[in-house]
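So this block is my_file_15.cif, mmCIF, C-alpha atoms:
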data_data
loop_
_atom_site.label_atom_id
_atom_site.label_comp_id
_atom_site.auth_asym_id
_atom_site.auth_seq_id
_atom_site.Cartn_x
_atom_site.Cartn_y
_atom_site.Cartn_z
CA MET A 1 5.65 -119.82 104.25
CA PRO A 2 4.94 -123.41 103.28
CA GLU A 3 5.26 -126.06 105.97
CA THR A 4 8.70 -127.66 105.96
CA PHE A 5 9.46 -131.04 107.46
CA SER A 6 10.76 -130.20 110.88
CA GLU A 7 11.60 -133.09 113.20
CA PRO A 8 8.22 -133.01 115.03
CA ALA A 9 6.27 -132.96 111.72
CA ALA A 10 8.28 -135.91 110.39
CA ARG A 11 7.62 -137.76 113.67
CA VAL A 12 3.83 -137.37 113.28
CA TYR A 13 4.08 -138.71 109.70
CA ALA A 14 6.08 -141.72 110.90
CA VAL A 15 3.60 -142.49 113.69
CA VAL A 16 0.56 -142.23 111.36
CA TYR A 17 2.23 -144.39 108.69
CA ARG A 18 3.11 -147.14 111.19
CA VAL A 19 -0.45 -147.31 112.57
CA LEU A 20 -2.06 -147.46 109.08
CA TYR A 21 0.46 -149.99 107.80
CA TRP A 22 0.16 -152.45 110.69
CA GLY A 23 -3.63 -152.05 110.87
CA MET A 24 -3.88 -152.86 107.18
CA LEU A 25 -1.53 -155.85 107.50
CA ILE A 26 -3.25 -157.43 110.53
CA SER A 27 -6.81 -156.92 109.25
CA THR A 28 -5.95 -158.24 105.76
CA ALA A 29 -4.32 -161.33 107.25
CA LEU A 30 -7.34 -162.02 109.52
CA PHE A 31 -9.83 -161.40 106.66
CA THR A 32 -7.88 -163.74 104.35
CA LEU A 33 -7.77 -166.50 106.95
CA GLY A 34 -11.46 -165.99 107.76
CA VAL A 35 -12.56 -166.15 104.12
CA LEU A 36 -10.43 -169.24 103.42
CA ARG A 37 -11.85 -171.01 106.50
CA ALA A 38 -15.41 -170.00 105.52
CA LEU A 39 -14.89 -171.37 102.01
CA GLN A 40 -13.77 -174.68 103.57
CA HIS A 41 -17.05 -174.88 105.52
CA PRO A 42 -19.74 -173.10 103.46
CA ARG A 43 -23.06 -172.30 105.19
CA MET A 44 -26.18 -170.19 104.70
CA ILE A 45 -26.23 -166.80 106.43
CA SER A 46 -29.20 -164.92 107.83
CA LEU A 47 -29.79 -161.23 107.04
CA GLY A 48 -31.32 -160.60 110.45
CA PRO A 49 -29.39 -158.65 113.11
CA ALA A 50 -25.68 -159.38 112.62
CA LEU A 51 -23.71 -161.73 114.84
CA SER A 52 -22.50 -160.30 118.12
CA GLN A 53 -20.44 -162.38 120.53
CA SER A 54 -18.49 -161.85 123.74
CA LEU A 55 -14.75 -161.20 123.85
CA GLY A 56 -14.17 -164.61 125.46
CA THR A 57 -16.09 -166.43 122.70
CA THR A 58 -14.20 -164.46 120.05
CA LEU A 59 -10.80 -165.28 121.60
CA ARG A 60 -11.70 -168.97 121.83
CA GLY A 61 -12.96 -168.77 118.23
CA LEU A 62 -9.69 -167.19 117.08
CA ALA A 63 -7.71 -169.99 118.72
CA ALA A 64 -9.89 -172.54 116.91
CA LEU A 65 -9.66 -170.57 113.62
CA ASP A 66 -13.45 -170.12 113.58
CA PRO A 67 -14.29 -168.08 110.42
CA ALA A 68 -16.90 -165.82 112.11
CA SER A 69 -14.48 -164.93 114.93
CA LEU A 70 -11.64 -164.27 112.47
CA MET A 71 -13.83 -161.96 110.36
CA LEU A 72 -15.21 -160.20 113.45
CA ALA A 73 -11.67 -159.56 114.74
CA ALA A 74 -10.57 -158.35 111.27
CA THR A 75 -13.51 -155.93 111.07
CA VAL A 76 -12.84 -154.56 114.56
CA VAL A 77 -9.10 -154.12 113.82
CA LEU A 78 -9.97 -152.42 110.52
CA ILE A 79 -12.47 -149.99 112.07
CA LEU A 80 -10.14 -149.21 114.98
CA THR A 81 -7.10 -148.53 112.76
CA PRO A 82 -8.08 -144.95 111.76
CA VAL A 83 -9.26 -144.32 115.33
CA ALA A 84 -5.86 -145.48 116.66
CA ARG A 85 -4.24 -143.21 114.06
CA VAL A 86 -6.09 -140.20 115.50
CA VAL A 87 -5.12 -141.15 119.09
CA MET A 88 -1.45 -141.58 118.16
CA ALA A 89 -1.41 -138.30 116.24
CA LEU A 90 -2.97 -136.54 119.23
CA LEU A 91 -0.23 -137.93 121.49
CA ALA A 92 2.47 -136.87 119.01
CA PHE A 93 1.04 -133.33 118.79
CA TRP A 94 0.82 -133.23 122.61
CA ARG A 95 4.47 -134.27 122.88
CA ASP A 96 5.41 -131.50 120.43
CA GLY A 97 3.42 -128.90 122.42
CA ASP A 98 1.17 -128.16 119.41
CA ALA A 99 -1.91 -127.03 121.36
CA GLY A 100 -3.94 -126.12 118.23
CA PHE A 101 -3.73 -129.63 116.81
CA VAL A 102 -4.21 -131.32 120.18
CA ALA A 103 -7.58 -129.49 120.17
CA VAL A 104 -8.35 -130.40 116.52
CA THR A 105 -7.61 -134.14 116.97
CA GLY A 106 -9.38 -133.99 120.37
CA VAL A 107 -12.60 -132.83 118.64
CA VAL A 108 -12.34 -135.69 116.11
CA LEU A 109 -11.93 -138.17 118.98
CA GLY A 110 -14.88 -136.52 120.73
CA VAL A 111 -17.08 -137.17 117.66
CA ILE A 112 -15.97 -140.83 117.66
CA VAL A 113 -16.80 -141.17 121.38
CA LEU A 114 -20.19 -139.51 120.75
CA THR A 115 -20.83 -142.05 117.98
CA VAL A 116 -20.13 -144.93 120.40
CA ILE A 117 -22.42 -143.36 123.02
CA LEU A 118 -25.24 -142.93 120.46
CA GLY A 119 -24.72 -146.54 119.33
CA ARG A 120 -24.88 -147.76 122.94
CA LEU A 121 -28.09 -145.82 123.49
CA GLY A 122 -29.61 -147.96 120.75
CA LEU A 123 -30.04 -145.41 118.01
CA HIS A 124 -31.86 -147.69 115.61
CA MET B 1 -18.68 -165.83 99.13
CA ALA B 2 -16.23 -166.44 96.27
CA VAL B 3 -18.61 -164.61 93.87
CA LEU B 4 -18.88 -161.69 96.33
CA PHE B 5 -15.07 -161.55 96.48
CA ALA B 6 -14.81 -161.59 92.66
CA VAL B 7 -17.43 -158.82 92.25
CA SER B 8 -15.64 -156.72 94.91
CA VAL B 9 -12.31 -157.14 93.10
CA ILE B 10 -13.98 -155.74 89.96
CA ALA B 11 -15.62 -152.88 91.94
CA GLY B 12 -12.32 -151.96 93.60
CA PHE B 13 -10.54 -152.18 90.25
CA LEU B 14 -13.10 -149.94 88.48
CA GLY B 15 -13.10 -147.47 91.39
CA ALA B 16 -9.32 -147.15 91.33
CA LEU B 17 -9.32 -146.65 87.53
CA LEU B 18 -11.62 -143.68 87.95
CA GLY B 19 -9.68 -142.40 90.96
CA VAL B 20 -12.56 -143.01 93.41
CA GLY B 21 -13.15 -145.64 96.10
CA GLY B 22 -14.95 -148.89 95.32
CA GLY B 23 -18.06 -147.84 97.29
CA ILE B 24 -19.73 -146.19 94.32
CA PHE B 25 -19.76 -149.60 92.57
CA ILE B 26 -20.01 -151.89 95.63
CA VAL B 27 -23.37 -150.57 96.87
CA PRO B 28 -25.21 -150.95 93.51
CA ALA B 29 -23.56 -154.37 92.98
CA LEU B 30 -24.74 -155.67 96.37
CA VAL B 31 -28.22 -154.20 95.91
CA LEU B 32 -28.82 -155.05 92.25
CA ALA B 33 -26.87 -158.30 91.79
CA PHE B 34 -27.06 -159.82 95.28
CA HIS B 35 -30.47 -158.32 96.22
CA LEU B 36 -29.24 -157.19 99.64
CA PRO B 37 -31.07 -154.42 101.57
CA ILE B 38 -29.33 -151.10 100.89
CA LYS B 39 -28.48 -150.54 104.59
CA ILE B 40 -26.51 -153.81 104.75
CA ALA B 41 -24.83 -152.89 101.44
CA VAL B 42 -23.91 -149.42 102.76
CA ALA B 43 -22.48 -150.94 105.97
CA ALA B 44 -20.32 -153.44 104.01
CA SER B 45 -19.19 -150.71 101.64
CA LEU B 46 -18.14 -148.41 104.51
CA VAL B 47 -15.85 -151.11 105.92
CA SER B 48 -14.32 -151.64 102.48
CA VAL B 49 -13.73 -147.87 102.26
CA ILE B 50 -11.63 -148.07 105.45
CA ALA B 51 -9.67 -150.98 103.97
CA THR B 52 -8.79 -149.06 100.79
CA SER B 53 -8.01 -145.93 102.86
CA ASN B 54 -5.56 -147.81 105.09
CA ALA B 55 -3.85 -149.42 102.08
CA GLY B 56 -3.70 -146.36 99.80
CA GLY B 57 -3.46 -143.77 102.58
CA SER B 58 -0.40 -145.32 104.21
CA SER B 59 1.49 -145.16 100.92
CA TYR B 60 0.74 -141.43 100.44
CA VAL B 61 1.66 -140.73 104.10
CA GLU B 62 4.97 -142.58 103.67
CA GLN B 63 5.80 -140.38 100.66
CA HIS B 64 4.77 -137.23 102.61
CA ILE B 65 2.28 -136.33 99.83
CA THR B 66 -0.56 -136.29 102.37
CA ASN B 67 -1.01 -132.96 104.19
CA LEU B 68 -1.61 -134.39 107.68
CA ARG B 69 -2.45 -131.06 109.31
CA LEU B 70 -4.97 -130.11 106.62
CA GLY B 71 -6.47 -133.62 106.66
CA MET B 72 -6.92 -133.62 110.43
CA PHE B 73 -8.40 -130.11 110.33
CA LEU B 74 -11.00 -131.18 107.72
CA GLU B 75 -11.69 -134.44 109.59
CA VAL B 76 -13.52 -132.40 112.23
CA ALA B 77 -16.14 -131.56 109.57
CA THR B 78 -16.15 -134.96 107.82
CA THR B 79 -16.61 -136.96 111.04
CA ILE B 80 -19.50 -134.71 112.18
CA GLY B 81 -20.96 -135.10 108.66
CA ALA B 82 -20.51 -138.89 108.78
CA LEU B 83 -22.22 -139.11 112.16
CA SER B 84 -25.23 -137.10 110.97
CA GLY B 85 -25.34 -139.03 107.67
CA SER B 86 -25.27 -142.46 109.31
CA VAL B 87 -27.87 -141.47 111.93
CA LEU B 88 -30.09 -140.34 109.03
CA ALA B 89 -29.43 -143.63 107.18
CA LEU B 90 -30.73 -145.67 110.12
CA TYR B 91 -34.07 -143.84 109.96
CA LEU B 92 -34.58 -143.27 106.21
CA LYS B 93 -36.77 -145.60 104.16
CA GLU B 94 -35.03 -147.93 101.66
CA TRP B 95 -36.53 -146.21 98.62
CA VAL B 96 -35.33 -142.74 99.75
CA MET B 97 -31.77 -144.07 100.11
CA LEU B 98 -32.02 -145.65 96.66
CA VAL B 99 -33.12 -142.28 95.17
CA LEU B 100 -30.26 -140.46 96.97
CA PHE B 101 -27.76 -143.01 95.69
CA THR B 102 -29.17 -142.57 92.17
CA ALA B 103 -28.57 -138.80 92.49
CA LEU B 104 -24.97 -139.43 93.59
CA LEU B 105 -24.38 -141.78 90.62
CA LEU B 106 -25.78 -139.17 88.21
CA TYR B 107 -23.52 -136.49 89.74
CA MET B 108 -20.52 -138.81 89.33
CA ALA B 109 -21.49 -139.60 85.72
CA VAL B 110 -21.68 -135.91 84.83
CA SER B 111 -18.49 -134.99 86.70
CA ALA B 112 -16.61 -137.74 84.83
CA TYR B 113 -16.85 -135.45 81.80
CA VAL B 114 -15.39 -132.44 83.61
CA THR B 115 -11.88 -131.78 82.40
CA ARG B 116 -9.08 -132.20 84.91
CA TYR B 117 -7.22 -129.08 85.86
CA ALA B 118 -3.94 -128.25 84.19
CA ASP B 119 -2.14 -129.04 87.45
CA ASP B 120 1.35 -129.32 85.96
CA ARG B 121 1.11 -125.88 84.28
CA ARG B 122 -0.12 -124.31 87.52
CA ILE B 123 2.75 -125.89 89.48
CA ALA B 124 5.29 -124.73 86.87
CA ALA B 125 3.92 -121.17 87.07
CA GLY B 126 4.21 -121.25 90.87
CA GLY B 127 0.46 -120.63 91.20
CA TYR B 128 0.07 -122.78 94.30
CA CYS B 129 2.54 -120.90 96.50
CA GLN B 130 1.52 -117.35 95.56
CA ALA B 131 -1.88 -117.33 97.27
CA GLN B 132 -2.68 -115.58 100.55
CA ALA B 133 -3.33 -117.94 103.50
CA ASP B 134 -6.62 -117.31 105.32
CA ASN B 135 -6.91 -116.87 109.07
CA TRP B 136 -7.40 -120.55 110.02
CA SER B 137 -4.81 -121.73 107.54
CA HIS B 138 -2.30 -119.25 108.97
CA ARG B 139 -3.08 -120.03 112.62
CA LEU B 140 -2.99 -123.82 112.25
CA ARG B 141 -0.08 -123.81 109.73
CA LEU B 142 -2.04 -125.83 107.15
CA ASN B 143 0.31 -124.98 104.26
CA GLY B 144 2.11 -127.93 102.73
CA SER B 145 4.97 -129.16 100.60
CA TYR B 146 5.75 -132.45 98.85
CA HIS B 147 8.21 -133.83 96.35
CA ASP B 148 6.63 -134.53 92.93
CA HIS B 149 8.58 -137.42 91.41
CA ALA B 150 7.01 -136.99 87.94
CA LEU B 151 8.00 -133.30 87.81
CA ASN B 152 11.16 -133.93 89.84
CA ARG B 153 10.64 -130.86 92.01
CA GLN B 154 9.43 -129.77 95.42
CA VAL B 155 5.87 -128.37 95.25
CA ASP B 156 4.99 -125.80 97.92
CA TYR B 157 1.43 -124.58 98.37
CA VAL B 158 -0.48 -122.11 100.52
CA VAL B 159 -3.86 -123.34 101.80
CA THR B 160 -6.78 -120.92 101.37
CA GLY B 161 -10.59 -121.13 101.58
CA SER B 162 -10.75 -123.00 104.91
CA GLY B 163 -14.40 -122.00 105.37
CA ILE B 164 -15.81 -123.35 102.11
CA GLY B 165 -13.49 -126.37 102.32
CA THR B 166 -14.89 -127.21 105.77
CA GLY B 167 -18.47 -126.88 104.47
CA ILE B 168 -17.85 -129.24 101.56
CA ALA B 169 -15.96 -131.65 103.85
CA TYR B 170 -19.09 -131.81 106.03
CA LEU B 171 -21.23 -132.70 102.97
CA ALA B 172 -18.68 -135.33 101.89
CA GLY B 173 -18.78 -136.86 105.38
CA MET B 174 -22.57 -136.91 105.26
CA ALA B 175 -22.53 -138.67 101.87
CA SER B 176 -20.11 -141.21 103.33
CA GLY B 177 -22.23 -142.03 106.40
CA LEU B 178 -25.50 -142.01 104.47
CA LEU B 179 -24.54 -143.84 101.28
CA GLY B 180 -21.44 -145.88 102.18
CA VAL B 181 -19.02 -144.12 99.85
CA GLY B 182 -15.70 -142.45 100.67
CA GLY B 183 -16.78 -139.01 99.47
CA GLY B 184 -13.30 -138.56 98.00
CA VAL B 185 -14.56 -136.94 94.80
CA LEU B 186 -16.15 -134.08 96.77
CA LYS B 187 -13.14 -133.61 99.05
CA VAL B 188 -10.51 -133.72 96.32
CA SER B 189 -12.36 -131.22 94.12
CA ALA B 190 -12.97 -128.92 97.14
CA MET B 191 -9.30 -128.96 98.15
CA ASN B 192 -8.06 -128.47 94.59
CA ARG B 193 -10.63 -125.93 93.48
CA TYR B 194 -11.30 -123.83 96.59
CA MET B 195 -8.35 -124.47 98.92
CA ASN B 196 -5.45 -124.16 96.47
CA VAL B 197 -4.14 -127.69 97.12
CA PRO B 198 -2.37 -129.45 94.20
CA MET B 199 -4.17 -132.55 92.88
CA LYS B 200 -1.71 -135.15 94.21
CA ALA B 201 -1.68 -133.65 97.72
CA ALA B 202 -5.49 -133.42 97.64
CA VAL B 203 -5.82 -137.10 96.63
CA GLY B 204 -3.31 -138.24 99.30
CA THR B 205 -4.97 -136.14 102.01
CA SER B 206 -8.45 -137.34 101.02
CA LYS B 207 -7.31 -141.00 101.03
CA MET B 208 -6.22 -140.65 104.65
CA MET B 209 -9.36 -138.74 105.68
CA ILE B 210 -11.91 -141.22 104.27
CA GLY B 211 -10.68 -143.90 106.72
CA VAL B 212 -11.70 -142.10 109.90
CA THR B 213 -14.84 -140.71 108.22
CA ALA B 214 -15.98 -144.21 107.23
CA ALA B 215 -14.97 -145.52 110.70
CA VAL B 216 -17.54 -143.21 112.33
CA GLY B 217 -20.33 -144.56 110.11
CA SER B 218 -19.08 -148.14 110.53
CA ILE B 219 -19.15 -147.91 114.34
CA LEU B 220 -22.80 -146.84 114.26
CA PHE B 221 -23.79 -149.51 111.69
CA TYR B 222 -21.83 -152.14 113.68
CA MET B 223 -23.68 -151.28 116.87
CA ALA B 224 -26.99 -151.31 114.96
CA GLY B 225 -26.29 -154.94 113.90
CA LEU B 226 -25.99 -154.10 110.18
CA ILE B 227 -22.42 -155.31 109.65
CA HIS B 228 -22.54 -158.94 108.49
CA PHE B 229 -19.03 -160.38 108.66
CA PHE B 230 -19.66 -163.02 105.98
CA ILE B 231 -20.53 -160.19 103.57
CA VAL B 232 -18.01 -157.62 104.82
CA ALA B 233 -14.97 -159.94 104.71
CA PRO B 234 -14.98 -160.85 100.99
CA VAL B 235 -16.05 -157.29 100.08
CA ALA B 236 -13.24 -155.61 102.07
CA LEU B 237 -10.65 -158.09 100.86
CA GLY B 238 -11.81 -157.99 97.22
CA THR B 239 -11.98 -154.19 97.10
CA THR B 240 -8.44 -153.90 98.48
CA VAL B 241 -7.07 -156.36 95.91
CA GLY B 242 -9.01 -154.69 93.05
CA ALA B 243 -7.99 -151.17 94.10
CA THR B 244 -4.31 -152.17 94.32
CA VAL B 245 -4.34 -153.64 90.79
CA GLY B 246 -6.51 -150.78 89.46
CA THR B 247 -4.14 -148.09 90.75
CA TRP B 248 -1.26 -149.83 88.96
CA VAL B 249 -3.22 -150.13 85.67
CA MET B 250 -4.64 -146.58 85.83
CA ASN B 251 -1.29 -144.96 85.10
CA ARG B 252 -1.04 -146.96 81.88
CA LEU B 253 -4.43 -146.15 80.31
CA ARG B 254 -5.90 -143.13 78.51
CA THR B 255 -8.07 -141.04 80.84
CA VAL B 256 -10.46 -139.73 78.17
CA VAL B 257 -11.60 -143.19 77.07
CA LEU B 258 -11.94 -144.33 80.68
CA LYS B 259 -14.10 -141.35 81.60
CA ARG B 260 -16.58 -142.08 78.80
CA ILE B 261 -16.87 -145.74 79.77
CA PHE B 262 -17.38 -144.87 83.43
CA ALA B 263 -19.95 -142.19 82.75
CA ALA B 264 -21.95 -144.74 80.73
CA LEU B 265 -21.55 -147.37 83.47
CA MET B 266 -22.72 -144.98 86.17
CA PHE B 267 -25.79 -143.95 84.13
CA TYR B 268 -26.59 -147.65 83.80
CA LEU B 269 -26.23 -148.25 87.57
CA ALA B 270 -28.24 -145.08 88.32
CA TYR B 271 -31.12 -146.44 86.19
CA GLY B 272 -30.96 -149.78 88.03
CA MET B 273 -31.06 -148.11 91.47
CA LEU B 274 -33.91 -145.79 90.38
CA ALA B 275 -35.91 -148.73 89.01
CA LYS B 276 -35.49 -150.49 92.37
CA ALA B 277 -36.62 -147.34 94.24
CA VAL B 278 -39.72 -147.04 92.02
CA ALA B 279 -40.51 -150.73 92.54
CA GLU B 280 -40.08 -150.34 96.31
CA ARG B 281 -42.19 -147.17 96.64
CA PHE B 282 -44.85 -147.45 93.90
CA HIS B 283 -44.77 -151.22 93.12
CA LEU B 284 -44.14 -150.36 89.47
CA ILE B 285 -41.71 -152.44 87.43
CA LEU B 286 -39.62 -150.32 85.03
CA PRO B 287 -38.17 -152.04 81.93
CA SER B 288 -35.04 -153.99 82.85
CA LEU B 289 -31.67 -153.17 81.32
CA GLY B 290 -30.34 -156.54 82.33
CA SER B 291 -29.41 -155.88 85.97
#
Produce structure tokens that represent the structure in this file.
Amino acid sequence: MPETFSEPAARVYAVVYRVLYWGMLISTALFTLGVLRALQHPRMISLGPALSQSLGTTLRGLAALDPASLMLAATVVLILTPVARVVMALLAFWRDGDAGFVAVTGVVLGVIVLTVILGRLGLH
Amino acid sequence: MAVLFAVSVIAGFLGALLGVGGGIFIVPALVLAFHLPIKIAVAASLVSVIATSNAGGSSYVEQHITNLRLGMFLEVATTIGALSGSVLALYLKEWVMLVLFTALLLYMAVSAYVTRYADDRRIAAGGYCQAQADNWSHRLRLNGSYHDHALNRQVDYVVTGSGIGTGIAYLAGMASGLLGVGGGVLKVSAMNRYMNVPMKAAVGTSKMMIGVTAAVGSILFYMAGLIHFFIVAPVALGTTVGATVGTWVMNRLRTVVLKRIFAALMFYLAYGMLAKAVAERFHLILPSLGS
């Protein structure tokens, strides 16, 4: 029988929608602000290793509306949005006692964690 | 930066008209017009793929067109594919990546001529709900249902072919991580052709999946120092704007004409990428077509 929209299924849809929607909104706002600020103060960029800065520097940069910090934050929010969507779906499946899909989303999260570990090991 | 934004708007617009992400146009544009190394272009394109996935995907999820269970099941294969693809990308030579991207463009150009399936007739005949679910589909309750506003009816479907679908999802993930595209064309055709998923549900499910697939590649490229925020920001923003406008315009244009134009455009881009690969590997300059 085709899947019908039981209360738990509808709940997972609502959770996923909210995460994608807010992630899109926040990252678009930060990107827009960052691009506008960068256009106000144009500068040459290097194609060497990309900028990396500490959390403290980024937070101070955000407060000062520094374009690089705004774009960095927007990129991080954007990349983390689908990851957050997987985490929230996993929690919703857990709450509904859907063991099969807790395992499926758990494997996807495992691949993401493995990616971070490989990145930390300096795979380049 | 303003030029990068404008080019990305056009790429996102063209991608949406053809029903694909902007990545297939963004990477050649950054390589051929802005002379960026392909790895930096792929990294920027991957981030823009997430942006279009969040924007388009959320809309399909809200309308319950996306099959969340099927999407999450296939994400296991696409994320593993994306991880292997992006690891490969970090090690491959520039000219090899250019040749692979040329092959993808040629595949897209040819597939633009393939006729779309008579989805409406199949729905009307009840073809999607008469199939036999396979073992995985049955166990994980992958079957789906959505309301089709154009047909004004509920469309139920039984998911089959989980094995072949998973295999193609892995390849799509690999293409995403390696070449900075969403891989939506591969996933949508696999779901529609081999897994008995109606076109709209396949598109909605694919839109959601490409976000997490591209996120895996993006994380690796980010940690490898290949994501340049001053390039990524106008590209992500421009692609989102272009894709939003393109989706709106798409429903008002004739598909046949569009497909011919896009096939020609992709042949043109394929030639440009191949010429760059030949120049990189053999130091030979092929005749320019103006790119």
Quick one: apply the PyMOL selection byres ((chain B and resi 241) around 9) to the file and drop the selected residues here as a JSON list (two decimals) with C-alpha atoms, in the coordinates of the input.
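After the write, part.json holds the following:
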[["chain", "number", "residue", "atom", "x", "y", "z"],
["B", 8, "SER", "CA", -15.64, -156.72, 94.91],
["B", 9, "VAL", "CA", -12.31, -157.14, 93.10],
["B", 12, "GLY", "CA", -12.32, -151.96, 93.60],
["B", 13, "PHE", "CA", -10.54, -152.18, 90.25],
["B", 52, "THR", "CA", -8.79, -149.06, 100.79],
["B", 236, "ALA", "CA", -13.24, -155.61, 102.07],
["B", 237, "LEU", "CA", -10.65, -158.09, 100.86],
["B", 238, "GLY", "CA", -11.81, -157.99, 97.22],
["B", 239, "THR", "CA", -11.98, -154.19, 97.10],
["B", 240, "THR", "CA", -8.44, -153.90, 98.48],
["B", 242, "GLY", "CA", -9.01, -154.69, 93.05],
["B", 243, "ALA", "CA", -7.99, -151.17, 94.10],
["B", 244, "THR", "CA", -4.31, -152.17, 94.32],
["B", 245, "VAL", "CA", -4.34, -153.64, 90.79],
["B", 246, "GLY", "CA", -6.51, -150.78, 89.46]]
Written as a CSV table (one decimal) with C-alpha atoms, in the coordinates of the input, which residues does the PyMOL selection byres ((chain B) within 8 of (chain A)) give for the file shown?
chain,number,residue,atom,x,y,z
B,1,MET,CA,-18.7,-165.8,99.1
B,2,ALA,CA,-16.2,-166.4,96.3
B,47,VAL,CA,-15.8,-151.1,105.9
B,50,ILE,CA,-11.6,-148.1,105.4
B,51,ALA,CA,-9.7,-151.0,104.0
B,54,ASN,CA,-5.6,-147.8,105.1
B,55,ALA,CA,-3.8,-149.4,102.1
B,57,GLY,CA,-3.5,-143.8,102.6
B,58,SER,CA,-0.4,-145.3,104.2
B,59,SER,CA,1.5,-145.2,100.9
B,61,VAL,CA,1.7,-140.7,104.1
B,62,GLU,CA,5.0,-142.6,103.7
B,64,HIS,CA,4.8,-137.2,102.6
B,68,LEU,CA,-1.6,-134.4,107.7
B,69,ARG,CA,-2.4,-131.1,109.3
B,72,MET,CA,-6.9,-133.6,110.4
B,73,PHE,CA,-8.4,-130.1,110.3
B,75,GLU,CA,-11.7,-134.4,109.6
B,76,VAL,CA,-13.5,-132.4,112.2
B,79,THR,CA,-16.6,-137.0,111.0
B,80,ILE,CA,-19.5,-134.7,112.2
B,83,LEU,CA,-22.2,-139.1,112.2
B,87,VAL,CA,-27.9,-141.5,111.9
B,90,LEU,CA,-30.7,-145.7,110.1
B,91,TYR,CA,-34.1,-143.8,110.0
B,129,CYS,CA,2.5,-120.9,96.5
B,140,LEU,CA,-3.0,-123.8,112.2
B,141,ARG,CA,-0.1,-123.8,109.7
B,142,LEU,CA,-2.0,-125.8,107.2
B,143,ASN,CA,0.3,-125.0,104.3
B,144,GLY,CA,2.1,-127.9,102.7
B,145,SER,CA,5.0,-129.2,100.6
B,156,ASP,CA,5.0,-125.8,97.9
B,157,TYR,CA,1.4,-124.6,98.4
B,158,VAL,CA,-0.5,-122.1,100.5
B,211,GLY,CA,-10.7,-143.9,106.7
B,212,VAL,CA,-11.7,-142.1,109.9
B,215,ALA,CA,-15.0,-145.5,110.7
B,216,VAL,CA,-17.5,-143.2,112.3
B,218,SER,CA,-19.1,-148.1,110.5
B,219,ILE,CA,-19.2,-147.9,114.3
B,220,LEU,CA,-22.8,-146.8,114.3
B,223,MET,CA,-23.7,-151.3,116.9
B,224,ALA,CA,-27.0,-151.3,115.0
B,225,GLY,CA,-26.3,-154.9,113.9
B,226,LEU,CA,-26.0,-154.1,110.2
B,227,ILE,CA,-22.4,-155.3,109.6
B,228,HIS,CA,-22.5,-158.9,108.5
B,229,PHE,CA,-19.0,-160.4,108.7
B,230,PHE,CA,-19.7,-163.0,106.0
B,232,VAL,CA,-18.0,-157.6,104.8
B,233,ALA,CA,-15.0,-159.9,104.7
B,234,PRO,CA,-15.0,-160.8,101.0
B,237,LEU,CA,-10.6,-158.1,100.9
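CA of Val96 (chain B) to CA of Ile210 (chain B) spans 23.9 Å [interatomic distance, one decimal].
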Next on the checklist: Translate the PyMOL selection byres ((chain B and resi 45) around 8) into a concrete residue list for this structure, as JSON, numbers by chain.
Outcome noted: {"B": [22, 23, 26, 27, 41, 42, 43, 44, 46, 47, 48, 49, 180, 181, 232, 235, 236]}
Checklist entry - Can you list, as number ranges by chain, every protein, DNA or RNA residue that comes within 8 Å of Gly85 (chain B) when you count all atoms listed in the file, leaving out same-chain residues fewer than 3 positions away? => result B: 81-82, 88-89, 173-178, 217
Next on the checklist: Between CA of Tyr194 (chain B) and CA of Ile168 (chain B), what is the distance in Å, rounded to a tenth?
Outcome noted: 9.8 Å
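Straight-line separation from CA of Ala190 (chain B) to CA of Gly165 (chain B): 5.8 Å.
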